[in-house]
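Printed here is structure_7.cif (mmCIF, C-alpha atoms):
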```cif
data_coords
loop_
_atom_site.group_PDB
_atom_site.id
_atom_site.type_symbol
_atom_site.label_atom_id
_atom_site.label_comp_id
_atom_site.auth_asym_id
_atom_site.auth_seq_id
_atom_site.Cartn_x
_atom_site.Cartn_y
_atom_site.Cartn_z
ATOM 1 C CA MET A 1 0.000 0.000 0.000
ATOM 2 C CA ARG A 2 2.844 2.379 0.787
ATOM 3 C CA ALA A 3 4.628 1.554 -2.444
ATOM 4 C CA THR A 4 1.781 2.918 -4.569
ATOM 5 C CA PRO A 5 2.451 6.662 -3.925
ATOM 6 C CA ILE A 6 6.178 6.140 -4.367
ATOM 7 C CA LEU A 7 5.646 4.266 -7.616
ATOM 8 C CA PHE A 8 3.274 6.991 -8.816
ATOM 9 C CA CYS A 9 5.877 9.689 -8.091
ATOM 10 C CA LEU A 10 8.576 7.758 -9.944
ATOM 11 C CA VAL A 11 6.337 7.272 -12.974
ATOM 12 C CA LEU A 12 5.384 10.952 -12.903
ATOM 13 C CA ALA A 13 9.039 12.007 -12.704
ATOM 14 C CA ALA A 14 9.893 9.767 -15.647
ATOM 15 C CA CYS A 15 7.449 11.734 -17.809
ATOM 16 C CA ALA A 16 9.198 15.071 -17.219
ATOM 17 C CA GLN A 17 10.729 16.955 -20.115
ATOM 18 C CA PHE A 18 14.320 17.959 -19.445
ATOM 19 C CA PRO A 19 15.818 21.074 -21.015
ATOM 20 C CA GLU A 20 18.266 20.679 -23.854
ATOM 21 C CA LEU A 21 21.637 21.291 -22.217
ATOM 22 C CA ASP A 22 23.821 20.658 -25.260
ATOM 23 C CA SER A 23 22.850 23.978 -26.817
ATOM 24 C CA THR A 24 24.008 25.947 -23.755
ATOM 25 C CA VAL A 25 27.694 25.305 -24.526
ATOM 26 C CA SER A 26 29.198 27.894 -26.840
ATOM 27 C CA PRO A 27 30.839 26.584 -30.035
ATOM 28 C CA ASP A 28 34.327 27.799 -29.076
ATOM 29 C CA VAL A 29 34.136 25.850 -25.803
ATOM 30 C CA ALA A 30 32.707 22.787 -27.534
ATOM 31 C CA ASN A 31 35.547 22.799 -30.099
ATOM 32 C CA ALA A 32 38.338 23.586 -27.629
ATOM 33 C CA ASP A 33 41.114 21.085 -27.012
ATOM 34 C CA PHE A 34 41.294 19.265 -23.720
ATOM 35 C CA PRO A 35 43.902 20.612 -21.295
ATOM 36 C CA ALA A 36 47.194 18.774 -21.144
ATOM 37 C CA LEU A 37 47.508 16.305 -18.304
ATOM 38 C CA VAL A 38 50.735 16.672 -16.356
ATOM 39 C CA PRO A 39 52.160 14.743 -13.397
ATOM 40 C CA LEU A 40 51.264 16.177 -10.020
ATOM 41 C CA GLU A 41 54.638 15.750 -8.277
ATOM 42 C CA PRO A 42 56.520 18.486 -10.205
ATOM 43 C CA LEU A 43 53.674 20.909 -9.607
ATOM 44 C CA LEU A 44 53.725 20.260 -5.875
ATOM 45 C CA ALA A 45 57.503 20.498 -5.686
ATOM 46 C CA ALA A 46 57.577 23.822 -7.554
ATOM 47 C CA SER A 47 54.800 25.494 -5.569
ATOM 48 C CA ASP A 48 55.447 28.061 -2.882
ATOM 49 C CA PRO A 49 54.600 27.128 0.687
ATOM 50 C CA ILE A 50 51.001 27.798 1.613
ATOM 51 C CA VAL A 51 51.971 29.688 4.790
ATOM 52 C CA SER A 52 54.687 32.211 4.050
ATOM 53 C CA ASP A 53 54.994 33.619 7.604
ATOM 54 C CA PRO A 54 53.826 31.179 10.304
ATOM 55 C CA ASP A 55 54.028 33.780 13.097
ATOM 56 C CA GLN A 56 51.837 36.272 11.265
ATOM 57 C CA THR A 57 49.387 33.528 10.312
ATOM 58 C CA THR A 58 49.170 32.382 13.937
ATOM 59 C CA GLN A 59 48.545 35.938 15.115
ATOM 60 C CA THR A 60 45.885 36.471 12.464
ATOM 61 C CA LEU A 61 44.128 33.236 13.373
ATOM 62 C CA ASN A 62 44.296 34.061 17.095
ATOM 63 C CA ARG A 63 42.678 37.454 16.424
ATOM 64 C CA ARG A 64 39.934 35.813 14.378
ATOM 65 C CA VAL A 65 39.322 33.219 17.100
ATOM 66 C CA ALA A 66 39.081 35.948 19.748
ATOM 67 C CA ALA A 67 36.662 37.956 17.595
ATOM 68 C CA LEU A 68 34.468 34.917 16.949
ATOM 69 C CA ARG A 69 34.421 34.008 20.648
ATOM 70 C CA ALA A 70 33.439 37.574 21.558
ATOM 71 C CA ARG A 71 30.677 37.479 18.960
ATOM 72 C CA ALA A 72 29.418 34.130 20.292
ATOM 73 C CA ASN A 73 29.386 35.467 23.844
ATOM 74 C CA ALA A 74 27.442 38.556 22.748
ATOM 75 C CA LEU A 75 24.897 36.367 20.965
ATOM 76 C CA GLN A 76 24.436 34.202 24.050
ATOM 77 C CA ARG A 77 23.727 37.193 26.279
ATOM 78 C CA ARG A 78 21.117 38.720 23.996
ATOM 79 C CA PRO A 79 17.549 37.406 24.239
ATOM 80 C CA ILE A 80 16.459 35.351 21.274
ATOM 81 C CA VAL A 81 13.031 37.004 21.066
ATOM 82 C CA ASP A 82 12.848 40.697 21.913
ATOM 83 C CA ALA A 83 10.181 42.089 24.249
ATOM 84 C CA ALA A 84 7.959 43.554 21.515
ATOM 85 C CA THR A 85 7.887 40.285 19.560
ATOM 86 C CA ARG A 86 7.251 38.287 22.724
ATOM 87 C CA ALA A 87 4.263 40.524 23.591
ATOM 88 C CA ARG A 88 2.872 40.135 20.069
ATOM 89 C CA LEU A 89 3.233 36.354 20.270
ATOM 90 C CA ARG A 90 1.454 36.264 23.611
ATOM 91 C CA GLN A 91 -1.424 38.259 22.127
ATOM 92 C CA GLY A 92 -1.685 35.699 19.346
ATOM 93 C CA ILE A 93 -1.880 32.835 21.844
ATOM 94 C CA ARG A 94 -4.760 34.380 23.755
#
```
With the file now loaded, output its structure as structure tokens.
Amino acid sequence: MRATPILFCLVLAACAQFPELDSTVSPDVANADFPALVPLEPLLAASDPIVSDPDQTTQTLNRRVAALRARANALQRRPIVDAATRARLRQGIR
């Protein structure tokens, strides 16, 4: 009995018309060559380090952490529903 609505939805979805996506690609992109595949190891060896100055990065992250903690503390202290909204909700309940 439960399978009937599911089967109906699947049959209904199978009847959908999908948009033609092939025509959305421009001709220059469709005719472009594939990029050359290169080994990954030389690329990784030649790249610059992700963190150029660890001390500055640590200080920046510590400042961001402190700012996020201060923001979280401010959000916890503030009431979720202000007084005017709470009064309006109570009127709706009565």
Next on the checklist: Could you tell me how far atom CA of A:Ala3 sits from atom CA of A:Cys15, in Å to one decimal place?
Outcome noted: 18.6 Å
Item to check | Interatomic distance, atom CA of A:Ala72 to atom CA of A:Thr60 (Å, one decimal) | outcome: 18.4 Å
Checklist entry - How far is it from atom CA of A:Gln76 to atom CA of A:Arg94, in Å with one decimal? => result 29.2 Å
